[in-house]
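Participant: Sharing a structure, written as structure tokens. Questions coming.
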Amino acid sequence: MATVITSTALSPADETGSAIGYAASAGSACLRRAGLTPADVDVLINVGVYRDSNLSEPSIAALIQKRIGINPDYLHATERRAAFSFDLMNGACGVLNAVQAGGSLLAAGSARRVLVVSADTHPSTDPARAGTAEFPYASTGAALLLERGPGDRGFGRVHHRSARGAHGVNGYLPLYEAGSDGRNTIAVDRERGVVERMLDLAVDSVRGALAAEYGAEAAQAPTVLDGTLLITSQPSHDFASRLSKRLGLASDAAVTVEGLTGDPHTSALAYGFTQARDSGRLRGHDRILFLAVGAGLSSATSLYRLSGGAEEAAR
């Protein structure tokens with residue numbers, strides 16, 4: 001048995017600009033799509049990084065859990081099952097870290113279902129300030145529902161790599177100039193040439209993951225990716241197509257997220273998967289290669305084995 005995605009949902013930007021609202025909206029929609037209620041969730045993991053008013057305490061996951069209504073008063077619930085939630089912040093790689101953590105809980109029987117939510121927003125909660133040169137991340141959210149599935153369909157091992165040198169991208173609150181407007185302030189510094197460094201790391205990560213799965217010699221041949229759809233982070237709109245070219249694949253071998261202004265960041269993999277499923281792009285593929293690059297120029301990669309058609313991949 002492996003960890004499978006049984007439902008997904010997206011939460012496009014609205015007038016509230018609230019990351020908590022986006023994550024809760026996506027999580028609720030994800031459960032409805034699966035035909036479940038909030039009481040069916042055992043663990044919620046929030047991987048969003050940029051949040052409303054730079055809020056750091058309490059846990060954002062707890063606020064999202066409350067907004068969705070996931071067992072807030074389990075002592076009076078029929079099944080008396082408690083639900084647990086926590087934040088896991090590792091940039092674009094966070095969702096695959098959540099797959100690791102959630103998969104372990106599912107494998108151990110500690111949870112039946114794990115809901116992974118993501119959302120980023122400019123701390124001012126003004127959607128117009130997102131997806132700009134100053135703050136390149138989109139104002140949006142997404143959710144994945146994870147469960148254990150039969151056979152070997154689902155996520156394999158998550159592989160990690162990192163690049164030497166500077167972080168490439170730094171997001172921080174500049175306290176020396178924050179003043180009374182600190183809750184609405186954020187700075188994101190991107191080094192010149194950082195996307196090229198991300199592409200270098202992405203190619204290295206793909207080959208490393210394939211070598212671990214199939215052997216070093218196979219990893220050098222583009223044919224090892226036959227029947228594989230690439231779903232990647234999106235630090236630039238052409239990142240997916242450029243990565244495909246670097247790997248010797250067709251330009252459409254990787255999914256480019258559409259309909260957003262800016263980098264979907266922690267929601268990128270959920271967006272890519274959902275848009276690929278809804279557009280029929282999963283058909284004809286045996287596997288998905290999920291790849292995220294970010295979090296201080298580190299990467300996370302995992303092969304997801306599909307069975308049947310797109311309809312069986314997720315509800």
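Order determines the names: the first chain of the structure tokens is A, the second B, and so forth; residues in each chain are numbered 1 upward, and ligands are numbered 1 upward as they are shown.
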So which bits of stretch 146-304 of chain A end up strand (DSSP E or B) when you DSSP the backbone, as a ChimeraX atom specification?
Facilitator: /A:146-149,154-162,169-172,187-190,228-232,254-255,263,287-294,298-304
Participant: Could you please take those selected residues and save N, CA and C atoms as a CSV table (one decimal), in the first residue's frame?
Facilitator:
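Output below, filename result26.csv:
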chain,number,residue,atom,x,y,z
A,146,LEU,N,-5.0,13.0,1.5
A,146,LEU,CA,-4.2,11.8,1.4
A,146,LEU,C,-4.8,10.7,2.1
A,147,GLU,N,-4.7,9.5,1.5
A,147,GLU,CA,-5.2,8.3,2.2
A,147,GLU,C,-4.3,7.1,1.8
A,148,ARG,N,-4.4,6.0,2.4
A,148,ARG,CA,-3.7,4.8,2.0
A,148,ARG,C,-4.5,4.1,0.8
A,149,GLY,N,-3.8,3.6,-0.2
A,149,GLY,CA,-4.4,3.0,-1.3
A,149,GLY,C,-3.9,1.6,-1.5
A,154,GLY,N,0.4,5.3,-6.1
A,154,GLY,CA,0.6,6.4,-5.2
A,154,GLY,C,2.1,6.9,-5.1
A,155,PHE,N,2.4,7.6,-4.0
A,155,PHE,CA,3.7,8.2,-3.9
A,155,PHE,C,4.8,7.2,-3.5
A,156,GLY,N,5.9,7.3,-4.1
A,156,GLY,CA,7.1,6.6,-3.7
A,156,GLY,C,7.9,7.4,-2.8
A,157,ARG,N,9.1,7.0,-2.6
A,157,ARG,CA,10.0,7.7,-1.7
A,157,ARG,C,10.2,9.2,-2.2
A,158,VAL,N,10.3,10.1,-1.2
A,158,VAL,CA,10.6,11.5,-1.5
A,158,VAL,C,12.1,11.7,-1.4
A,159,HIS,N,12.7,12.2,-2.5
A,159,HIS,CA,14.2,12.4,-2.6
A,159,HIS,C,14.5,13.9,-2.4
A,160,HIS,N,15.6,14.2,-1.7
A,160,HIS,CA,16.0,15.6,-1.4
A,160,HIS,C,17.4,15.9,-1.9
A,161,ARG,N,17.5,17.1,-2.4
A,161,ARG,CA,18.8,17.6,-2.8
A,161,ARG,C,18.9,19.1,-2.4
A,162,SER,N,20.1,19.6,-2.4
A,162,SER,CA,20.3,21.0,-2.2
A,162,SER,C,21.5,21.5,-3.0
A,169,VAL,N,16.6,33.0,-3.0
A,169,VAL,CA,15.5,33.8,-2.7
A,169,VAL,C,15.3,33.9,-1.2
A,170,ASN,N,15.1,35.1,-0.7
A,170,ASN,CA,14.9,35.3,0.7
A,170,ASN,C,13.6,36.2,0.9
A,171,GLY,N,12.7,35.7,1.7
A,171,GLY,CA,11.5,36.4,2.1
A,171,GLY,C,11.6,36.7,3.6
A,172,TYR,N,11.5,38.0,3.9
A,172,TYR,CA,11.7,38.4,5.3
A,172,TYR,C,11.0,39.7,5.6
A,187,ALA,N,9.5,41.6,2.5
A,187,ALA,CA,10.5,41.9,1.4
A,187,ALA,C,10.9,40.5,0.9
A,188,VAL,N,11.0,40.4,-0.4
A,188,VAL,CA,11.4,39.2,-1.1
A,188,VAL,C,12.6,39.6,-2.0
A,189,ASP,N,13.8,39.1,-1.7
A,189,ASP,CA,14.9,39.3,-2.5
A,189,ASP,C,15.2,38.1,-3.4
A,190,ARG,N,15.3,38.3,-4.7
A,190,ARG,CA,15.7,37.2,-5.6
A,190,ARG,C,17.0,37.5,-6.3
A,228,THR,N,5.7,9.5,-18.3
A,228,THR,CA,5.8,10.2,-17.1
A,228,THR,C,5.4,11.7,-17.3
A,229,LEU,N,4.5,12.2,-16.5
A,229,LEU,CA,4.1,13.7,-16.6
A,229,LEU,C,4.9,14.4,-15.5
A,230,LEU,N,5.5,15.5,-15.8
A,230,LEU,CA,6.3,16.3,-14.8
A,230,LEU,C,5.3,17.4,-14.2
A,231,ILE,N,5.2,17.4,-12.9
A,231,ILE,CA,4.5,18.5,-12.3
A,231,ILE,C,5.5,19.1,-11.3
A,232,THR,N,5.8,20.4,-11.6
A,232,THR,CA,6.9,21.1,-10.9
A,232,THR,C,6.4,22.3,-10.2
A,254,ALA,N,5.9,18.7,-19.2
A,254,ALA,CA,5.7,19.2,-17.9
A,254,ALA,C,4.6,20.1,-17.9
A,255,VAL,N,3.8,20.2,-16.8
A,255,VAL,CA,2.6,21.0,-16.6
A,255,VAL,C,3.0,22.4,-16.3
A,263,ASP,N,3.9,33.3,-8.9
A,263,ASP,CA,4.3,32.0,-8.6
A,263,ASP,C,3.4,31.4,-7.6
A,287,ARG,N,2.9,7.5,-14.7
A,287,ARG,CA,3.5,8.0,-13.5
A,287,ARG,C,3.5,9.6,-13.6
A,288,ILE,N,3.5,10.2,-12.4
A,288,ILE,CA,3.8,11.6,-12.3
A,288,ILE,C,5.1,11.8,-11.6
A,289,LEU,N,5.9,12.7,-12.0
A,289,LEU,CA,7.1,13.0,-11.3
A,289,LEU,C,6.9,14.4,-10.7
A,290,PHE,N,6.6,14.4,-9.4
A,290,PHE,CA,6.5,15.7,-8.6
A,290,PHE,C,7.8,16.2,-8.3
A,291,LEU,N,8.1,17.5,-8.6
A,291,LEU,CA,9.4,18.1,-8.3
A,291,LEU,C,9.1,19.5,-7.8
A,292,ALA,N,9.7,19.8,-6.6
A,292,ALA,CA,9.6,21.2,-6.1
A,292,ALA,C,11.0,21.7,-5.8
A,293,VAL,N,11.3,22.9,-6.2
A,293,VAL,CA,12.6,23.5,-6.0
A,293,VAL,C,12.3,24.9,-5.3
A,294,GLY,N,13.0,25.1,-4.2
A,294,GLY,CA,12.9,26.3,-3.5
A,294,GLY,C,13.4,26.1,-2.1
A,298,SER,N,16.8,24.2,-2.2
A,298,SER,CA,16.7,22.8,-2.0
A,298,SER,C,15.6,22.2,-2.8
A,299,SER,N,15.5,20.9,-3.0
A,299,SER,CA,14.5,20.3,-3.8
A,299,SER,C,13.9,19.1,-3.1
A,300,ALA,N,12.7,18.7,-3.6
A,300,ALA,CA,12.1,17.5,-3.1
A,300,ALA,C,11.4,16.9,-4.4
A,301,THR,N,11.6,15.6,-4.6
A,301,THR,CA,11.2,14.9,-5.7
A,301,THR,C,10.5,13.5,-5.4
A,302,SER,N,9.4,13.2,-6.0
A,302,SER,CA,8.8,11.9,-5.8
A,302,SER,C,8.0,11.4,-7.0
A,303,LEU,N,8.2,10.1,-7.3
A,303,LEU,CA,7.4,9.5,-8.3
A,303,LEU,C,6.1,9.0,-7.8
A,304,TYR,N,5.0,9.4,-8.5
A,304,TYR,CA,3.7,9.0,-8.1
A,304,TYR,C,3.2,8.0,-9.2
Participant: Please report, as a PyMOL selection string, each residue of stretch 177-213 of chain A to which DSSP assigns helix (DSSP H, G or I) when run on this structure's backbone.
Facilitator: chain A and resi 177-184+194-213
Participant: Output N, CA and C atoms for every residue in the selection just made, as a PDB file, in the first residue's frame.
Facilitator:
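Result saved to out.pdb:
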ATOM      1  N   GLU A 177      12.772  48.849   8.990  1.00  0.00           N
ATOM      2  CA  GLU A 177      11.927  49.812   8.278  1.00  0.00           C
ATOM      3  C   GLU A 177      10.432  49.484   8.419  1.00  0.00           C
ATOM      4  N   ALA A 178      10.122  48.481   9.252  1.00  0.00           N
ATOM      5  CA  ALA A 178       8.724  48.054   9.367  1.00  0.00           C
ATOM      6  C   ALA A 178       7.859  49.119  10.032  1.00  0.00           C
ATOM      7  N   GLY A 179       8.340  49.687  11.143  1.00  0.00           N
ATOM      8  CA  GLY A 179       7.572  50.719  11.835  1.00  0.00           C
ATOM      9  C   GLY A 179       6.201  50.223  12.254  1.00  0.00           C
ATOM     10  N   SER A 180       5.231  51.109  12.237  1.00  0.00           N
ATOM     11  CA  SER A 180       3.880  50.749  12.657  1.00  0.00           C
ATOM     12  C   SER A 180       3.144  49.928  11.606  1.00  0.00           C
ATOM     13  N   ASP A 181       3.741  49.794  10.406  1.00  0.00           N
ATOM     14  CA  ASP A 181       3.093  49.055   9.318  1.00  0.00           C
ATOM     15  C   ASP A 181       3.708  47.669   9.141  1.00  0.00           C
ATOM     16  N   GLY A 182       4.379  47.169  10.182  1.00  0.00           N
ATOM     17  CA  GLY A 182       5.089  45.898  10.065  1.00  0.00           C
ATOM     18  C   GLY A 182       4.212  44.721   9.714  1.00  0.00           C
ATOM     19  N   ARG A 183       2.980  44.725  10.173  1.00  0.00           N
ATOM     20  CA  ARG A 183       2.101  43.601   9.881  1.00  0.00           C
ATOM     21  C   ARG A 183       1.725  43.534   8.401  1.00  0.00           C
ATOM     22  N   ASN A 184       1.912  44.623   7.681  1.00  0.00           N
ATOM     23  CA  ASN A 184       1.559  44.661   6.261  1.00  0.00           C
ATOM     24  C   ASN A 184       2.786  44.668   5.358  1.00  0.00           C
ATOM     25  N   VAL A 194      18.727  33.398 -10.413  1.00  0.00           N
ATOM     26  CA  VAL A 194      18.278  32.347  -9.501  1.00  0.00           C
ATOM     27  C   VAL A 194      17.465  31.279 -10.227  1.00  0.00           C
ATOM     28  N   VAL A 195      16.691  31.650 -11.246  1.00  0.00           N
ATOM     29  CA  VAL A 195      15.905  30.648 -11.967  1.00  0.00           C
ATOM     30  C   VAL A 195      16.819  29.660 -12.682  1.00  0.00           C
ATOM     31  N   GLU A 196      17.940  30.143 -13.224  1.00  0.00           N
ATOM     32  CA  GLU A 196      18.899  29.232 -13.850  1.00  0.00           C
ATOM     33  C   GLU A 196      19.462  28.262 -12.824  1.00  0.00           C
ATOM     34  N   ARG A 197      19.758  28.758 -11.633  1.00  0.00           N
ATOM     35  CA  ARG A 197      20.262  27.877 -10.573  1.00  0.00           C
ATOM     36  C   ARG A 197      19.194  26.872 -10.167  1.00  0.00           C
ATOM     37  N   MET A 198      17.940  27.308 -10.137  1.00  0.00           N
ATOM     38  CA  MET A 198      16.850  26.388  -9.827  1.00  0.00           C
ATOM     39  C   MET A 198      16.722  25.306 -10.899  1.00  0.00           C
ATOM     40  N   LEU A 199      16.881  25.701 -12.159  1.00  0.00           N
ATOM     41  CA  LEU A 199      16.818  24.723 -13.241  1.00  0.00           C
ATOM     42  C   LEU A 199      17.961  23.716 -13.136  1.00  0.00           C
ATOM     43  N   ASP A 200      19.156  24.198 -12.829  1.00  0.00           N
ATOM     44  CA  ASP A 200      20.294  23.287 -12.649  1.00  0.00           C
ATOM     45  C   ASP A 200      19.990  22.269 -11.550  1.00  0.00           C
ATOM     46  N   LEU A 201      19.461  22.758 -10.429  1.00  0.00           N
ATOM     47  CA  LEU A 201      19.136  21.875  -9.318  1.00  0.00           C
ATOM     48  C   LEU A 201      18.007  20.917  -9.700  1.00  0.00           C
ATOM     49  N   ALA A 202      17.031  21.411 -10.459  1.00  0.00           N
ATOM     50  CA  ALA A 202      15.909  20.561 -10.870  1.00  0.00           C
ATOM     51  C   ALA A 202      16.388  19.398 -11.737  1.00  0.00           C
ATOM     52  N   VAL A 203      17.255  19.681 -12.701  1.00  0.00           N
ATOM     53  CA  VAL A 203      17.787  18.612 -13.563  1.00  0.00           C
ATOM     54  C   VAL A 203      18.557  17.605 -12.729  1.00  0.00           C
ATOM     55  N   ASP A 204      19.405  18.090 -11.844  1.00  0.00           N
ATOM     56  CA  ASP A 204      20.181  17.220 -10.969  1.00  0.00           C
ATOM     57  C   ASP A 204      19.259  16.379 -10.084  1.00  0.00           C
ATOM     58  N   SER A 205      18.181  16.989  -9.607  1.00  0.00           N
ATOM     59  CA  SER A 205      17.253  16.290  -8.720  1.00  0.00           C
ATOM     60  C   SER A 205      16.494  15.196  -9.455  1.00  0.00           C
ATOM     61  N   VAL A 206      16.035  15.495 -10.675  1.00  0.00           N
ATOM     62  CA  VAL A 206      15.324  14.490 -11.461  1.00  0.00           C
ATOM     63  C   VAL A 206      16.226  13.299 -11.731  1.00  0.00           C
ATOM     64  N   ARG A 207      17.443  13.562 -12.180  1.00  0.00           N
ATOM     65  CA  ARG A 207      18.358  12.461 -12.490  1.00  0.00           C
ATOM     66  C   ARG A 207      18.736  11.679 -11.239  1.00  0.00           C
ATOM     67  N   GLY A 208      18.883  12.395 -10.126  1.00  0.00           N
ATOM     68  CA  GLY A 208      19.192  11.709  -8.877  1.00  0.00           C
ATOM     69  C   GLY A 208      18.056  10.806  -8.429  1.00  0.00           C
ATOM     70  N   ALA A 209      16.827  11.295  -8.552  1.00  0.00           N
ATOM     71  CA  ALA A 209      15.669  10.482  -8.167  1.00  0.00           C
ATOM     72  C   ALA A 209      15.523   9.270  -9.072  1.00  0.00           C
ATOM     73  N   LEU A 210      15.729   9.467 -10.373  1.00  0.00           N
ATOM     74  CA  LEU A 210      15.626   8.350 -11.306  1.00  0.00           C
ATOM     75  C   LEU A 210      16.735   7.332 -11.086  1.00  0.00           C
ATOM     76  N   ALA A 211      17.930   7.810 -10.763  1.00  0.00           N
ATOM     77  CA  ALA A 211      19.040   6.893 -10.473  1.00  0.00           C
ATOM     78  C   ALA A 211      18.730   6.053  -9.239  1.00  0.00           C
ATOM     79  N   ALA A 212      18.117   6.682  -8.223  1.00  0.00           N
ATOM     80  CA  ALA A 212      17.762   5.942  -7.012  1.00  0.00           C
ATOM     81  C   ALA A 212      16.678   4.914  -7.288  1.00  0.00           C
ATOM     82  N   GLU A 213      15.789   5.225  -8.225  1.00  0.00           N
ATOM     83  CA  GLU A 213      14.677   4.323  -8.517  1.00  0.00           C
ATOM     84  C   GLU A 213      15.054   3.238  -9.524  1.00  0.00           C
TER      85      GLU A 213
END
Participant: Would you compute the distance between atom CA of A:Val116 and atom CA of A:Ile45? Give it in Å to one decimal.
Facilitator: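 These two atoms are separated by 4.8 Å.
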Participant: Any idea what's packed within 9 Å of A:Asn54, counting only C-alpha atoms, ignoring anything in its chain fewer than 4 positions away? Could you give it as a compact mmCIF listing (two decimals) with all heavy atoms, in the first residue's frame?
Facilitator:
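Done, and the output landed in around_15.txt:
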# COMPACT_ATOMS: atom_id res chain seq x y z
N TYR A 50 3.58 32.45 3.48
CA TYR A 50 3.24 33.87 3.64
C TYR A 50 1.78 33.99 4.07
O TYR A 50 0.89 33.52 3.39
CB TYR A 50 3.49 34.63 2.34
CG TYR A 50 4.95 34.64 1.97
CD1 TYR A 50 5.46 33.77 1.00
CD2 TYR A 50 5.84 35.51 2.60
CE1 TYR A 50 6.80 33.76 0.67
CE2 TYR A 50 7.19 35.51 2.27
CZ TYR A 50 7.66 34.63 1.31
OH TYR A 50 8.99 34.63 0.98
N HIS A 122 0.12 38.18 0.22
CA HIS A 122 0.85 39.33 0.75
C HIS A 122 0.29 39.64 2.13
O HIS A 122 -0.94 39.61 2.32
CB HIS A 122 0.69 40.54 -0.17
CG HIS A 122 1.61 41.66 0.16
ND1 HIS A 122 1.34 42.56 1.19
CD2 HIS A 122 2.82 42.04 -0.35
CE1 HIS A 122 2.32 43.44 1.27
NE2 HIS A 122 3.23 43.14 0.34
N PRO A 123 1.13 39.88 3.14
CA PRO A 123 0.62 40.06 4.50
C PRO A 123 -0.38 41.20 4.67
O PRO A 123 -1.14 41.22 5.63
CB PRO A 123 1.88 40.29 5.33
CG PRO A 123 2.94 40.66 4.35
CD PRO A 123 2.60 39.93 3.09
N SER A 124 -0.40 42.12 3.72
CA SER A 124 -1.40 43.18 3.78
C SER A 124 -2.79 42.67 3.43
O SER A 124 -3.77 43.39 3.62
CB SER A 124 -1.03 44.30 2.80
OG SER A 124 -1.14 43.83 1.46
N LEU A 173 10.78 39.94 6.92
CA LEU A 173 10.23 41.20 7.38
C LEU A 173 11.39 42.10 7.79
O LEU A 173 12.10 41.81 8.75
CB LEU A 173 9.30 40.97 8.58
CG LEU A 173 8.79 42.22 9.30
CD1 LEU A 173 7.98 43.09 8.34
CD2 LEU A 173 7.96 41.83 10.51
N GLY A 182 4.38 47.17 10.18
CA GLY A 182 5.09 45.90 10.07
C GLY A 182 4.21 44.72 9.71
O GLY A 182 4.65 43.80 9.01
N ARG A 183 2.98 44.72 10.17
CA ARG A 183 2.10 43.60 9.88
C ARG A 183 1.73 43.53 8.40
O ARG A 183 1.26 42.50 7.92
CB ARG A 183 0.83 43.68 10.73
CG ARG A 183 1.05 43.31 12.19
CD ARG A 183 -0.26 43.13 12.91
NE ARG A 183 -0.06 42.64 14.26
CZ ARG A 183 0.08 41.36 14.57
NH1 ARG A 183 0.05 40.44 13.63
NH2 ARG A 183 0.25 40.98 15.82
N ASN A 184 1.91 44.62 7.68
CA ASN A 184 1.56 44.66 6.26
C ASN A 184 2.79 44.67 5.36
O ASN A 184 2.67 44.92 4.16
CB ASN A 184 0.72 45.90 5.96
CG ASN A 184 -0.57 45.93 6.74
OD1 ASN A 184 -1.22 44.90 6.88
ND2 ASN A 184 -0.93 47.10 7.25
N THR A 185 3.96 44.38 5.94
CA THR A 185 5.21 44.54 5.22
C THR A 185 5.91 43.20 5.00
O THR A 185 5.93 42.36 5.89
CB THR A 185 6.15 45.48 6.00
OG1 THR A 185 5.50 46.74 6.20
CG2 THR A 185 7.46 45.69 5.25
N ILE A 186 6.46 43.02 3.82
CA ILE A 186 7.28 41.84 3.54
C ILE A 186 8.27 42.23 2.44
O ILE A 186 7.99 43.09 1.61
CB ILE A 186 6.42 40.63 3.08
CG1 ILE A 186 7.20 39.32 3.17
CG2 ILE A 186 5.88 40.85 1.68
CD1 ILE A 186 7.40 38.80 4.55
Participant: Just to confirm, what's the straight-line distance from atom CA of A:Ser85 to atom CA of A:Leu44 in Å (one decimal)?
Facilitator: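 Separation between atom CA of A:Ser85 and atom CA of A:Leu44: 4.5 Å.
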Participant: Using only C-alpha atoms, which residue out of A:Val99, A:Cys30, A:Leu282, A:Ala107 lies closest to A:Gly227?
Facilitator: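 Looking only at the distances to A:Gly227, the closest residue turns out to be A:Leu282.
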Participant: Using only C-alpha atoms, which of the listed residues (A:Ile60, A:Leu115, A:Ala142, A:Ile70) sits closest to A:Ala101?
Facilitator: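 Using only C-alpha atoms, A:Ala101 sits closest to A:Leu115.
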Participant: From the list A:Ala92, A:Ala61, A:Val43, A:Leu144, which residue is nearest A:Ala270 when using only C-alpha atoms?
Facilitator: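 Once distances to A:Ala270 are computed over only C-alpha atoms, the minimum belongs to A:Leu144.
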Participant: Near A:Ala19, counting only C-alpha atoms, which residues have an atom at most 9 Å away, once you skip same-chain residues fewer than 5 positions from it, shown as number ranges by chain?
Facilitator: A: 24, 48, 50-52, 118-123, 125, 139-141
Participant: Find the distance between atom CA of A:Pro222 and atom CA of A:Asp238 and write it in Å to one decimal.
Facilitator: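 So the two atoms, atom CA of A:Pro222 and atom CA of A:Asp238, lie 20.1 Å apart.
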Participant: Which residues are close to A:Asn71, i.e. within 7 Å by only C-alpha atoms, leaving aside same-chain residues fewer than 2 positions away? Reply as a ChimeraX atom specification.
Facilitator: /A:38-39,69,73-74,82-83
Participant: What does the file look like for those residues with all heavy atoms, as an mmCIF file, in the first residue's frame?
Facilitator:
data_model
loop_
_atom_site.group_PDB
_atom_site.id
_atom_site.type_symbol
_atom_site.label_atom_id
_atom_site.label_comp_id
_atom_site.auth_asym_id
_atom_site.auth_seq_id
_atom_site.Cartn_x
_atom_site.Cartn_y
_atom_site.Cartn_z
ATOM 1 N N PRO A 38 -15.868 17.319 7.573
ATOM 2 C CA PRO A 38 -14.688 17.637 8.370
ATOM 3 C C PRO A 38 -14.393 16.593 9.447
ATOM 4 O O PRO A 38 -13.232 16.394 9.816
ATOM 5 C CB PRO A 38 -15.051 18.995 8.983
ATOM 6 C CG PRO A 38 -15.947 19.618 7.967
ATOM 7 C CD PRO A 38 -16.774 18.485 7.434
ATOM 8 N N ALA A 39 -15.402 15.910 9.942
ATOM 9 C CA ALA A 39 -15.196 14.902 10.978
ATOM 10 C C ALA A 39 -14.414 13.694 10.470
ATOM 11 O O ALA A 39 -13.916 12.895 11.273
ATOM 12 C CB ALA A 39 -16.541 14.450 11.537
ATOM 13 N N GLY A 69 -13.775 23.459 10.516
ATOM 14 C CA GLY A 69 -14.650 22.764 11.446
ATOM 15 C C GLY A 69 -14.263 21.320 11.679
ATOM 16 O O GLY A 69 -15.124 20.455 11.882
ATOM 17 N N ASP A 73 -14.656 20.129 18.832
ATOM 18 C CA ASP A 73 -15.089 19.723 20.176
ATOM 19 C C ASP A 73 -15.298 18.213 20.164
ATOM 20 O O ASP A 73 -16.413 17.713 20.289
ATOM 21 C CB ASP A 73 -16.388 20.454 20.542
ATOM 22 C CG ASP A 73 -16.793 20.237 22.004
ATOM 23 O OD1 ASP A 73 -15.983 19.664 22.762
ATOM 24 O OD2 ASP A 73 -17.911 20.627 22.364
ATOM 25 N N TYR A 74 -14.192 17.474 20.030
ATOM 26 C CA TYR A 74 -14.290 16.038 19.800
ATOM 27 C C TYR A 74 -14.869 15.277 20.993
ATOM 28 O O TYR A 74 -15.416 14.187 20.837
ATOM 29 C CB TYR A 74 -12.919 15.461 19.436
ATOM 30 C CG TYR A 74 -11.893 15.497 20.540
ATOM 31 C CD1 TYR A 74 -11.763 14.444 21.430
ATOM 32 C CD2 TYR A 74 -11.048 16.597 20.683
ATOM 33 C CE1 TYR A 74 -10.819 14.476 22.436
ATOM 34 C CE2 TYR A 74 -10.108 16.641 21.696
ATOM 35 C CZ TYR A 74 -9.992 15.576 22.561
ATOM 36 O OH TYR A 74 -9.062 15.607 23.567
ATOM 37 N N ALA A 82 -10.258 12.721 18.154
ATOM 38 C CA ALA A 82 -9.554 14.004 18.114
ATOM 39 C C ALA A 82 -8.887 14.186 16.767
ATOM 40 O O ALA A 82 -8.533 13.218 16.085
ATOM 41 C CB ALA A 82 -8.515 14.057 19.227
ATOM 42 N N ALA A 83 -8.722 15.426 16.363
ATOM 43 C CA ALA A 83 -7.978 15.745 15.150
ATOM 44 C C ALA A 83 -6.780 16.617 15.531
ATOM 45 O O ALA A 83 -6.853 17.413 16.468
ATOM 46 C CB ALA A 83 -8.862 16.469 14.148
#
Participant: Tell me which of A:Ala2, A:Val95, A:Asp40, A:Ile64 sits closest to A:Ala108, counting only C-alpha atoms.
Facilitator: A:Ala2
Participant: Which residues, written as a PyMOL selection string, have at least one atom at most 8 Å from A:Ala26, with only C-alpha atoms counted and residues fewer than 6 positions away on the same chain left out?
Facilitator: chain A and resi 9-11+117+141-143
Participant: Export, as an mmCIF file, in the first residue's frame, the selected residues with C-alpha atoms.
Facilitator:
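Done, and the output landed in again.cif:
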data_model
loop_
_atom_site.group_PDB
_atom_site.id
_atom_site.type_symbol
_atom_site.label_atom_id
_atom_site.label_comp_id
_atom_site.auth_asym_id
_atom_site.auth_seq_id
_atom_site.Cartn_x
_atom_site.Cartn_y
_atom_site.Cartn_z
ATOM 1 C CA ALA A 9 -9.325 21.534 -4.651
ATOM 2 C CA LEU A 10 -8.107 25.025 -5.463
ATOM 3 C CA SER A 11 -8.987 28.404 -3.990
ATOM 4 C CA VAL A 117 -3.543 22.678 2.765
ATOM 5 C CA GLY A 141 -4.605 28.338 -1.917
ATOM 6 C CA ALA A 142 -5.008 24.604 -2.548
ATOM 7 C CA ALA A 143 -5.654 21.321 -0.764
#
Participant: Using only C-alpha atoms, which residue out of A:Ala13, A:Tyr22, A:Gln234, A:Cys93 lies closest to A:Pro136?
Facilitator: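 Counting only C-alpha atoms, the residue closest to A:Pro136 is A:Gln234.
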